[in-house]
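The file model.txt comes next; it holds compact mmCIF, C-alpha atoms.
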# COMPACT_ATOMS: atom_id res chain seq x y z
CA MET A 1 81.35 114.27 88.68
CA LYS A 2 81.08 116.77 91.55
CA ALA A 3 84.03 119.03 92.30
CA GLY A 4 84.53 121.68 94.99
CA GLN A 5 86.27 124.52 93.18
CA TRP A 6 87.51 128.04 93.76
CA ASP A 7 86.02 130.38 91.17
CA PRO A 8 88.41 133.36 90.99
CA GLN A 9 86.16 135.33 88.67
CA ASN A 10 83.28 135.38 91.16
CA LYS A 11 85.53 134.97 94.21
CA ARG A 12 83.58 132.12 95.75
CA ILE A 13 83.67 128.37 96.26
CA VAL A 14 81.34 126.51 93.93
CA ILE A 15 80.31 122.88 93.48
CA ASN A 16 80.60 122.20 89.77
CA ASP A 17 79.89 119.21 87.57
CA VAL A 18 83.12 118.46 85.69
CA PRO A 19 84.32 115.60 83.45
CA VAL A 20 86.09 112.62 84.98
CA PRO A 21 89.77 113.01 83.96
CA GLU A 22 91.61 110.39 81.95
CA PRO A 23 94.98 109.22 83.37
CA SER A 24 98.01 110.39 81.43
CA LYS A 25 101.66 109.34 81.71
CA ASP A 26 102.61 108.01 85.19
CA LYS A 27 99.11 108.68 86.53
CA PHE A 28 96.32 106.76 88.23
CA LEU A 29 92.67 107.66 88.18
CA VAL A 30 91.69 107.55 91.86
CA GLN A 31 88.20 107.40 93.30
CA ILE A 32 88.52 109.88 96.16
CA LYS A 33 87.16 108.45 99.40
CA SER A 34 88.22 111.33 101.63
CA ALA A 35 89.64 114.81 101.15
CA SER A 36 90.35 117.12 104.06
CA LEU A 37 90.71 120.83 104.58
CA CYS A 38 94.14 122.13 105.58
CA HIS A 39 94.73 125.72 106.68
CA SER A 40 97.07 126.28 103.75
CA ASP A 41 94.11 125.60 101.41
CA LEU A 42 93.03 129.14 102.23
CA MET A 43 95.97 130.35 100.13
CA ALA A 44 94.19 129.00 97.05
CA LEU A 45 91.47 131.59 97.65
CA MET A 46 93.98 134.35 96.90
CA ARG A 47 94.05 133.39 93.22
CA ASP A 48 92.14 136.12 91.34
CA GLN A 49 92.40 135.01 87.72
CA GLY A 50 92.13 131.94 85.54
CA PRO A 51 89.47 129.23 85.41
CA ALA A 52 87.78 127.55 88.35
CA MET A 53 90.07 124.93 89.88
CA THR A 54 89.39 122.06 92.26
CA MET A 55 90.63 122.73 95.78
CA GLY A 56 92.30 120.39 98.25
CA HIS A 57 95.73 118.81 98.63
CA GLU A 58 94.99 116.21 101.33
CA GLY A 59 93.42 113.08 99.89
CA ALA A 60 93.04 109.33 100.06
CA GLY A 61 91.19 106.97 97.79
CA VAL A 62 91.11 103.80 95.71
CA VAL A 63 92.92 103.20 92.43
CA GLU A 64 90.31 103.00 89.68
CA LYS A 65 92.41 102.99 86.50
CA ILE A 66 96.15 102.89 85.72
CA HIS A 67 97.93 104.42 82.73
CA PRO A 68 100.16 101.83 81.02
CA SER A 69 103.28 103.81 82.01
CA ALA A 70 102.33 103.40 85.69
CA GLU A 71 101.79 99.65 85.50
CA GLY A 72 104.18 97.47 87.48
CA LYS A 73 105.09 100.21 89.96
CA GLY A 74 103.71 98.43 93.02
CA PHE A 75 100.07 99.44 92.65
CA LYS A 76 96.98 97.75 91.28
CA VAL A 77 93.36 98.62 90.64
CA GLY A 78 91.46 98.45 93.94
CA ASP A 79 94.38 99.49 96.15
CA ALA A 80 93.59 102.02 98.86
CA ILE A 81 96.24 104.74 98.67
CA GLY A 82 97.27 108.05 100.18
CA PHE A 83 99.31 110.56 98.24
CA ASN A 84 101.43 113.67 98.11
CA TYR A 85 100.47 116.55 95.83
CA PHE A 86 103.52 117.87 93.90
CA VAL A 87 103.30 117.41 90.13
CA ASN A 88 105.24 118.57 87.07
CA VAL A 89 108.47 117.50 88.75
CA CYS A 90 110.87 114.64 87.96
CA TYR A 91 110.95 113.06 91.47
CA GLU A 92 114.51 111.85 90.73
CA CYS A 93 117.01 114.75 90.68
CA ASP A 94 119.12 115.89 93.63
CA GLY A 95 116.61 118.65 94.35
CA CYS A 96 113.69 116.21 94.40
CA GLN A 97 115.51 114.11 97.00
CA ILE A 98 115.21 117.09 99.37
CA HIS A 99 111.90 118.67 98.40
CA ASN A 100 109.98 118.53 95.13
CA SER A 101 109.77 122.33 95.02
CA HIS A 102 113.52 122.23 94.27
CA CYS A 103 113.19 120.05 91.16
CA GLU A 104 116.10 120.79 88.82
CA ASN A 105 114.29 119.57 85.71
CA THR A 106 111.32 121.90 85.64
CA ASP A 107 110.77 125.63 85.79
CA LEU A 108 107.31 125.24 87.28
CA PRO A 109 106.75 122.75 90.12
CA MET A 110 103.00 122.57 90.74
CA CYS A 111 100.84 121.60 93.69
CA GLN A 112 97.47 119.96 93.24
CA GLY A 113 94.82 122.09 94.86
CA PHE A 114 96.78 125.29 94.13
CA HIS A 115 98.14 125.17 90.57
CA ALA A 116 96.33 122.07 89.29
CA ASP A 117 93.07 120.35 90.17
CA GLY A 118 93.15 118.91 93.67
CA PHE A 119 91.19 116.33 95.60
CA PHE A 120 87.81 117.83 96.55
CA GLN A 121 86.25 115.94 93.67
CA GLU A 122 84.92 112.44 93.13
CA TYR A 123 87.81 111.31 90.93
CA ALA A 124 91.32 112.74 90.68
CA LEU A 125 94.61 112.03 88.97
CA VAL A 126 97.55 110.95 91.12
CA ASP A 127 101.14 110.41 89.98
CA TYR A 128 102.37 106.99 91.07
CA HIS A 129 105.57 108.58 92.45
CA ASN A 130 103.38 110.37 95.01
CA ALA A 131 101.41 107.38 96.24
CA VAL A 132 101.69 104.86 99.05
CA VAL A 133 99.46 101.82 99.59
CA LEU A 134 97.48 102.05 102.82
CA PRO A 135 97.60 99.13 105.24
CA PRO A 136 94.19 97.54 105.91
CA GLU A 137 94.28 98.92 109.46
CA LEU A 138 93.89 102.47 108.08
CA ASP A 139 90.36 103.53 107.15
CA VAL A 140 90.69 105.26 103.77
CA LYS A 141 87.67 107.42 104.61
CA LEU A 142 89.56 108.90 107.58
CA ALA A 143 93.09 108.85 106.15
CA SER A 144 93.27 112.08 104.13
CA PRO A 145 94.48 114.41 106.95
CA LEU A 146 97.56 112.26 107.29
CA PHE A 147 98.76 113.25 103.81
CA CYS A 148 99.86 116.75 104.63
CA ALA A 149 99.15 117.69 108.24
CA GLY A 150 99.95 114.29 109.69
CA ILE A 151 103.09 113.58 107.68
CA THR A 152 104.39 117.11 108.24
CA ALA A 153 103.94 116.74 112.00
CA PHE A 154 105.52 113.28 112.01
CA ASN A 155 108.57 114.33 109.98
CA CYS A 156 109.19 117.33 112.20
CA ILE A 157 108.90 115.46 115.49
CA ASP A 158 110.91 112.53 114.12
CA SER A 159 113.66 114.99 113.13
CA CYS A 160 113.95 116.65 116.56
CA GLU A 161 116.81 114.33 117.57
CA LEU A 162 115.31 113.55 120.97
CA GLN A 163 115.51 110.54 123.26
CA PRO A 164 112.59 109.12 125.24
CA GLY A 165 112.09 111.08 128.44
CA GLN A 166 113.42 114.35 127.04
CA TRP A 167 111.32 117.51 126.88
CA LEU A 168 109.66 118.90 123.76
CA ALA A 169 107.68 122.14 123.52
CA ILE A 170 105.07 122.24 120.78
CA VAL A 171 104.42 125.90 120.02
CA GLY A 172 101.13 126.18 118.19
CA CYS A 173 98.62 123.48 119.14
CA GLY A 174 96.21 123.73 116.22
CA GLY A 175 95.75 120.93 113.69
CA LEU A 176 99.42 120.12 113.04
CA GLY A 177 100.34 120.72 116.66
CA GLN A 178 97.71 118.23 117.79
CA TYR A 179 99.15 115.59 115.50
CA ALA A 180 102.58 116.50 116.87
CA VAL A 181 101.43 115.91 120.46
CA LYS A 182 100.19 112.44 119.55
CA PHE A 183 103.38 111.53 117.70
CA ALA A 184 105.66 112.92 120.41
CA LYS A 185 103.91 111.03 123.19
CA ALA A 186 104.06 107.82 121.15
CA MET A 187 107.83 108.39 120.79
CA GLY A 188 108.15 108.65 124.57
CA TYR A 189 108.83 112.38 124.94
CA ASN A 190 107.62 114.72 127.66
CA VAL A 191 105.41 117.23 125.87
CA ILE A 192 104.56 120.84 126.71
CA GLY A 193 101.93 122.62 124.62
CA VAL A 194 102.14 126.40 124.12
CA ASP A 195 99.43 128.43 122.40
CA ILE A 196 97.31 131.56 122.80
CA SER A 197 94.05 129.60 122.44
CA ASP A 198 92.64 127.78 125.45
CA ASP A 199 90.61 125.57 123.10
CA SER A 200 93.76 124.45 121.28
CA LEU A 201 95.49 123.83 124.60
CA ALA A 202 92.53 121.76 125.78
CA SER A 203 92.88 119.63 122.65
CA ALA A 204 96.61 119.23 123.31
CA THR A 205 95.81 118.04 126.82
CA LYS A 206 93.22 115.60 125.46
CA TYR A 207 95.83 114.17 123.09
CA GLY A 208 98.33 113.61 125.89
CA ALA A 209 100.37 116.77 126.54
CA ASP A 210 102.01 116.64 129.97
CA ALA A 211 101.51 120.38 130.54
CA VAL A 212 100.11 123.33 128.61
CA PHE A 213 100.66 127.09 128.86
CA ASN A 214 98.82 130.04 127.38
CA SER A 215 101.59 132.37 126.21
CA ARG A 216 99.17 135.33 126.14
CA THR A 217 97.39 135.05 129.49
CA GLN A 218 100.51 133.65 131.23
CA ALA A 219 102.95 135.92 129.39
CA ASP A 220 104.81 136.98 132.52
CA THR A 221 105.32 133.51 133.94
CA TYR A 222 105.15 130.72 131.36
CA VAL A 223 108.83 130.78 130.29
CA GLU A 224 110.13 130.37 133.82
CA GLU A 225 107.46 127.78 134.62
CA ILE A 226 108.51 125.73 131.60
CA LYS A 227 112.18 126.03 132.54
CA THR A 228 111.38 124.84 136.05
CA LEU A 229 109.20 121.97 134.85
CA SER A 230 111.77 120.76 132.30
CA THR A 231 114.82 121.48 134.48
CA LYS A 232 116.90 124.04 132.53
CA GLY A 233 114.54 124.29 129.55
CA VAL A 234 113.24 122.02 126.82
CA HIS A 235 115.52 119.93 124.63
CA ALA A 236 113.62 121.01 121.52
CA ALA A 237 110.85 123.43 120.59
CA ALA A 238 108.87 122.71 117.43
CA VAL A 239 107.06 125.80 116.17
CA PHE A 240 103.91 124.85 114.28
CA SER A 241 102.44 128.35 114.46
CA GLY A 242 103.12 130.65 111.54
CA ALA A 243 103.25 133.75 113.74
CA ASN A 244 106.55 135.59 114.09
CA ALA A 245 105.76 136.03 117.79
CA ALA A 246 105.71 132.24 118.19
CA TYR A 247 109.35 132.03 117.08
CA ASP A 248 110.32 134.92 119.34
CA GLY A 249 108.69 133.12 122.25
CA ALA A 250 110.11 129.68 121.51
CA ILE A 251 113.82 130.46 121.75
CA PRO A 252 113.76 131.39 125.48
CA LEU A 253 112.22 127.97 126.23
CA LEU A 254 115.31 126.12 125.01
CA ARG A 255 118.06 124.81 127.22
CA THR A 256 121.68 125.30 126.09
CA ASN A 257 122.20 123.62 122.70
CA GLY A 258 118.47 122.96 122.40
CA LEU A 259 116.92 122.57 118.97
CA LEU A 260 114.52 125.04 117.39
CA MET A 261 112.46 123.10 114.82
CA VAL A 262 111.06 125.43 112.17
CA VAL A 263 107.72 124.27 110.77
CA GLY A 264 105.26 127.17 110.58
CA ILE A 265 105.87 129.62 107.75
CA ALA A 266 106.03 133.14 109.20
CA PRO A 267 104.81 136.15 107.20
CA GLN A 268 107.98 138.12 107.96
CA PRO A 269 111.63 137.00 108.14
CA VAL A 270 112.54 135.52 111.51
CA GLN A 271 115.63 137.05 113.12
CA PHE A 272 118.24 135.02 114.97
CA ASP A 273 121.26 136.09 116.99
CA THR A 274 124.33 134.78 115.19
CA THR A 275 126.34 134.81 118.41
CA ASP A 276 123.80 132.42 119.93
CA LEU A 277 124.25 130.08 116.99
CA VAL A 278 128.04 130.05 116.85
CA THR A 279 128.36 129.60 120.61
CA GLY A 280 125.81 126.77 120.73
CA ARG A 281 123.14 128.58 122.72
CA TYR A 282 120.67 126.81 120.43
CA ARG A 283 120.51 125.05 117.05
CA ILE A 284 118.06 125.54 114.17
CA LYS A 285 116.54 122.95 111.88
CA GLY A 286 113.49 122.84 109.64
CA ASP A 287 111.26 120.15 108.17
CA SER A 288 108.03 119.78 106.23
CA THR A 289 105.77 117.30 104.45
CA GLY A 290 108.94 116.32 102.62
CA ILE A 291 109.11 113.95 99.68
CA PRO A 292 106.95 110.92 98.86
CA GLN A 293 109.73 108.49 99.76
CA ARG A 294 109.32 109.49 103.41
CA MET A 295 105.58 108.78 103.63
CA ALA A 296 105.76 105.05 104.36
CA LYS A 297 107.60 105.57 107.66
CA ALA A 298 104.86 107.90 108.89
CA VAL A 299 102.08 105.57 107.73
CA ASP A 300 103.69 102.59 109.51
CA PHE A 301 104.05 104.64 112.70
CA VAL A 302 100.41 105.73 112.57
CA VAL A 303 99.27 102.13 112.24
CA LYS A 304 101.59 100.81 114.97
CA HIS A 305 100.55 103.46 117.50
CA LYS A 306 96.93 103.86 116.37
CA ILE A 307 97.28 107.61 115.82
CA GLN A 308 93.93 109.23 115.03
CA LEU A 309 92.65 112.74 115.69
CA ASP A 310 89.00 113.67 116.06
CA VAL A 311 87.42 114.55 112.73
CA ASP A 312 84.16 115.97 111.42
CA LEU A 313 82.69 114.27 108.34
CA ASN A 314 81.08 116.44 105.69
CA ARG A 315 79.56 116.30 102.21
CA ILE A 316 81.15 118.02 99.21
CA GLU A 317 78.30 120.54 99.33
CA ASP A 318 79.51 121.59 102.80
CA LEU A 319 82.89 122.82 101.50
CA PRO A 320 82.00 126.55 101.47
CA THR A 321 80.83 126.33 105.09
CA MET A 322 83.93 124.35 106.07
CA VAL A 323 86.15 127.08 104.66
CA GLU A 324 84.21 129.84 106.42
CA ASN A 325 84.44 127.97 109.72
CA MET A 326 88.20 127.59 109.28
CA LYS A 327 88.57 131.28 108.48
CA ASN A 328 86.58 132.22 111.58
CA GLY A 329 88.34 129.79 113.91
CA LYS A 330 85.20 127.72 114.44
CA ALA A 331 86.62 124.40 113.18
CA LYS A 332 87.73 122.44 116.24
CA ASN A 333 88.46 119.12 114.52
CA ARG A 334 89.98 118.07 111.22
CA GLN A 335 87.37 118.64 108.50
CA ILE A 336 86.92 115.77 106.04
CA VAL A 337 84.74 115.51 102.95
CA THR A 338 83.77 111.87 102.38
CA LEU A 339 82.89 110.84 98.85
CA PHE A 340 81.26 107.59 97.82

If you convert what's in this file into structure tokens, what do you get?
Amino acid sequence: MKAGQWDPQNKRIVINDVPVPEPSKDKFLVQIKSASLCHSDLMALMRDQGPAMTMGHEGAGVVEKIHPSAEGKGFKVGDAIGFNYFVNVCYECDGCQIHNSHCENTDLPMCQGFHADGFFQEYALVDYHNAVVLPPELDVKLASPLFCAGITAFNCIDSCELQPGQWLAIVGCGGLGQYAVKFAKAMGYNVIGVDISDDSLASATKYGADAVFNSRTQADTYVEEIKTLSTKGVHAAAVFSGANAAYDGAIPLLRTNGLLMVVGIAPQPVQFDTTDLVTGRYRIKGDSTGIPQRMAKAVDFVVKHKIQLDVDLNRIEDLPTMVENMKNGKAKNRQIVTLF
């Protein structure tokens, strides 16, 4: 079968012919219908040793074969499924009820696409703990971006503790931020997009943002304009950008006791004023893709509100170009590889 892999020896993405894997304990063999490129996939390109490994941690497909240990777990051959990507964890301990990276029963939690073969290949192994059956309303060939970017955005907006009609700033309106705009509008919030890219802000507007501000070109005015628009400041600011400057710029947007939702992973530690925290100037919370048990709520919401971003469909052979376009900021839509 074809597989899009990172070759650390030659430092390039290659399309290799590799054997179809055989499902082991708790695993399905899944025919991958769609796999999509997420910005964090670029981290896999930093690996400089070891064998070639299949990229991709966003996938959706159809169950082809089930290991006996995974029988009777709510899945059958032919089911369309989406899935999370943590493996070599127990899924059951206290740590795994928070995030699988905190598993208490392994020394080495692994992510498919980074530490184990991922989903840019025709067939892949998926642990049944990670899977959710897709409703018929969801097209499996378009569903893969939901299973990292989409679920992350949903969890973070859902955790912002807002009521309909309250104000939410989405700081960073790239791929996750665009999902966040769609989810927030469907939840009834007033949404303000903040970014340094006019293209990203245009996408936020297209997806329903009530107002957008370029924090670079409007640096001297956007904070006060947002405070005026939202009357006192926003009730929550969700930072989807990984830039330290995005966090620095988000806090002034908050009204008293507003919530700073931490999503983007900054390269340097983010500093907070402890006096602001103890006196209730603002609160801090974080969220992420989370654990597989949370996926069904996001999937149901997507179906109910018909959430779908614009996507570009590609072949597996296009993966090197897709990655280059993402590196160079040329990818405007979610990039999907369709297989079969």

Discussion item. Residues within 6 Å of A:Val337, please, as a PyMOL selection string. Count only C-alpha atoms; anything in the same chain fewer than 5 positions from it doesn't count.
Written reply: chain A and resi 34-36+313-316

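Compared by their closest atoms to A:Val303, and using all atoms listed in the file, the residues A:Asp79, A:Asp107, A:Glu137, A:Asp94 rank with A:Glu137 nearest.
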
For stretch 101-195 of chain A against stretch 225-246 of chain A, with a cut-off of 10 Å and counting all atoms listed in the file, what is the closest atom pair and its distance in Å to one decimal for every residue that makes the cut, ordered by chain and number, as JSON lines?
{"residue": "A:Thr152", "atom": "CA", "partner": "A:Phe240", "partner_atom": "CA", "distance": 9.8}
{"residue": "A:Ala153", "atom": "CA", "partner": "A:Phe240", "partner_atom": "CA", "distance": 8.4}
{"residue": "A:Cys156", "atom": "CA", "partner": "A:Ala238", "partner_atom": "CA", "distance": 7.5}
{"residue": "A:Ile157", "atom": "CA", "partner": "A:Ala238", "partner_atom": "CA", "distance": 7.5}
{"residue": "A:Cys160", "atom": "CA", "partner": "A:Ala236", "partner_atom": "CA", "distance": 6.6}
{"residue": "A:Glu161", "atom": "CA", "partner": "A:Ala236", "partner_atom": "CA", "distance": 8.4}
{"residue": "A:Leu162", "atom": "CA", "partner": "A:His235", "partner_atom": "CA", "distance": 7.4}
{"residue": "A:Gln163", "atom": "CA", "partner": "A:His235", "partner_atom": "CA", "distance": 9.5}
{"residue": "A:Gln166", "atom": "CA", "partner": "A:His235", "partner_atom": "CA", "distance": 6.4}
{"residue": "A:Trp167", "atom": "CA", "partner": "A:Val234", "partner_atom": "CA", "distance": 4.9}
{"residue": "A:Leu168", "atom": "CA", "partner": "A:Ala236", "partner_atom": "CA", "distance": 5.0}
{"residue": "A:Ala169", "atom": "CA", "partner": "A:Ala237", "partner_atom": "CA", "distance": 4.5}
{"residue": "A:Ile170", "atom": "CA", "partner": "A:Ala238", "partner_atom": "CA", "distance": 5.1}
{"residue": "A:Val171", "atom": "CA", "partner": "A:Val239", "partner_atom": "CA", "distance": 4.7}
{"residue": "A:Gly172", "atom": "CA", "partner": "A:Ser241", "partner_atom": "CA", "distance": 4.5}
{"residue": "A:Cys173", "atom": "CA", "partner": "A:Phe240", "partner_atom": "CA", "distance": 7.3}
{"residue": "A:Gly174", "atom": "CA", "partner": "A:Ser241", "partner_atom": "CA", "distance": 8.0}
{"residue": "A:Gly175", "atom": "CA", "partner": "A:Phe240", "partner_atom": "CA", "distance": 9.1}
{"residue": "A:Leu176", "atom": "CA", "partner": "A:Phe240", "partner_atom": "CA", "distance": 6.6}
{"residue": "A:Gly177", "atom": "CA", "partner": "A:Phe240", "partner_atom": "CA", "distance": 6.0}
{"residue": "A:Gln178", "atom": "CA", "partner": "A:Phe240", "partner_atom": "CA", "distance": 9.7}
{"residue": "A:Ala180", "atom": "CA", "partner": "A:Phe240", "partner_atom": "CA", "distance": 8.8}
{"residue": "A:Asn190", "atom": "CA", "partner": "A:Ser230", "partner_atom": "CA", "distance": 8.7}
{"residue": "A:Val191", "atom": "CA", "partner": "A:Val234", "partner_atom": "CA", "distance": 9.2}
{"residue": "A:Ile192", "atom": "CA", "partner": "A:Ile226", "partner_atom": "CA", "distance": 8.0}
{"residue": "A:Gly193", "atom": "CA", "partner": "A:Ala237", "partner_atom": "CA", "distance": 9.8}
{"residue": "A:Val194", "atom": "CA", "partner": "A:Ala246", "partner_atom": "CA", "distance": 9.1}
{"residue": "A:Asp195", "atom": "CA", "partner": "A:Ala246", "partner_atom": "CA", "distance": 8.5}

Could you save the residues just selected, with C-alpha atoms, as an mmCIF file, in the coordinates of the input?
data_model
loop_
_atom_site.group_PDB
_atom_site.id
_atom_site.type_symbol
_atom_site.label_atom_id
_atom_site.label_comp_id
_atom_site.auth_asym_id
_atom_site.auth_seq_id
_atom_site.Cartn_x
_atom_site.Cartn_y
_atom_site.Cartn_z
ATOM 1 C CA THR A 152 104.390 117.110 108.240
ATOM 2 C CA ALA A 153 103.940 116.740 112.000
ATOM 3 C CA CYS A 156 109.190 117.330 112.200
ATOM 4 C CA ILE A 157 108.900 115.460 115.490
ATOM 5 C CA CYS A 160 113.950 116.650 116.560
ATOM 6 C CA GLU A 161 116.810 114.330 117.570
ATOM 7 C CA LEU A 162 115.310 113.550 120.970
ATOM 8 C CA GLN A 163 115.510 110.540 123.260
ATOM 9 C CA GLN A 166 113.420 114.350 127.040
ATOM 10 C CA TRP A 167 111.320 117.510 126.880
ATOM 11 C CA LEU A 168 109.660 118.900 123.760
ATOM 12 C CA ALA A 169 107.680 122.140 123.520
ATOM 13 C CA ILE A 170 105.070 122.240 120.780
ATOM 14 C CA VAL A 171 104.420 125.900 120.020
ATOM 15 C CA GLY A 172 101.130 126.180 118.190
ATOM 16 C CA CYS A 173 98.620 123.480 119.140
ATOM 17 C CA GLY A 174 96.210 123.730 116.220
ATOM 18 C CA GLY A 175 95.750 120.930 113.690
ATOM 19 C CA LEU A 176 99.420 120.120 113.040
ATOM 20 C CA GLY A 177 100.340 120.720 116.660
ATOM 21 C CA GLN A 178 97.710 118.230 117.790
ATOM 22 C CA ALA A 180 102.580 116.500 116.870
ATOM 23 C CA ASN A 190 107.620 114.720 127.660
ATOM 24 C CA VAL A 191 105.410 117.230 125.870
ATOM 25 C CA ILE A 192 104.560 120.840 126.710
ATOM 26 C CA GLY A 193 101.930 122.620 124.620
ATOM 27 C CA VAL A 194 102.140 126.400 124.120
ATOM 28 C CA ASP A 195 99.430 128.430 122.400
#

Report the closest atom pair, with its distance in Å rounded to one decimal, for each residue of stretch 20-86 of chain A that has an atom no farther than 10 Å from stretch 294-300 of chain A; count only C-alpha atoms, sort by chain and then rising residue number, and write it as JSON lines.
{"residue": "A:Gly82", "atom": "CA", "partner": "A:Met295", "partner_atom": "CA", "distance": 9.0}
{"residue": "A:Phe83", "atom": "CA", "partner": "A:Met295", "partner_atom": "CA", "distance": 8.5}
{"residue": "A:Asn84", "atom": "CA", "partner": "A:Met295", "partner_atom": "CA", "distance": 8.5}

Worksheet entry | One-decimal distance in Å that lies between atom CA of A:Asp276 and atom CA of A:Leu254 | 11.7 Å

Item to complete: Could you give me, as number ranges by chain, the residues that sit within 10 Å of (97.8, 113.5, 122.7) in the file's coordinates, counting only C-alpha atoms?
Response: A: 177-186, 191, 203-210, 307-309

Discussion item. Calculated over only C-alpha atoms, which of the candidates A:Leu319, A:Ala44, A:Ile291, A:Leu277 has the smallest distance to A:Gly95?
Written reply: A:Ile291

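Compared by their closest atoms to A:Asp287, and using only C-alpha atoms, the residues A:Asp158, A:Asp248, A:Asp318, A:Asp220 rank with A:Asp158 nearest.
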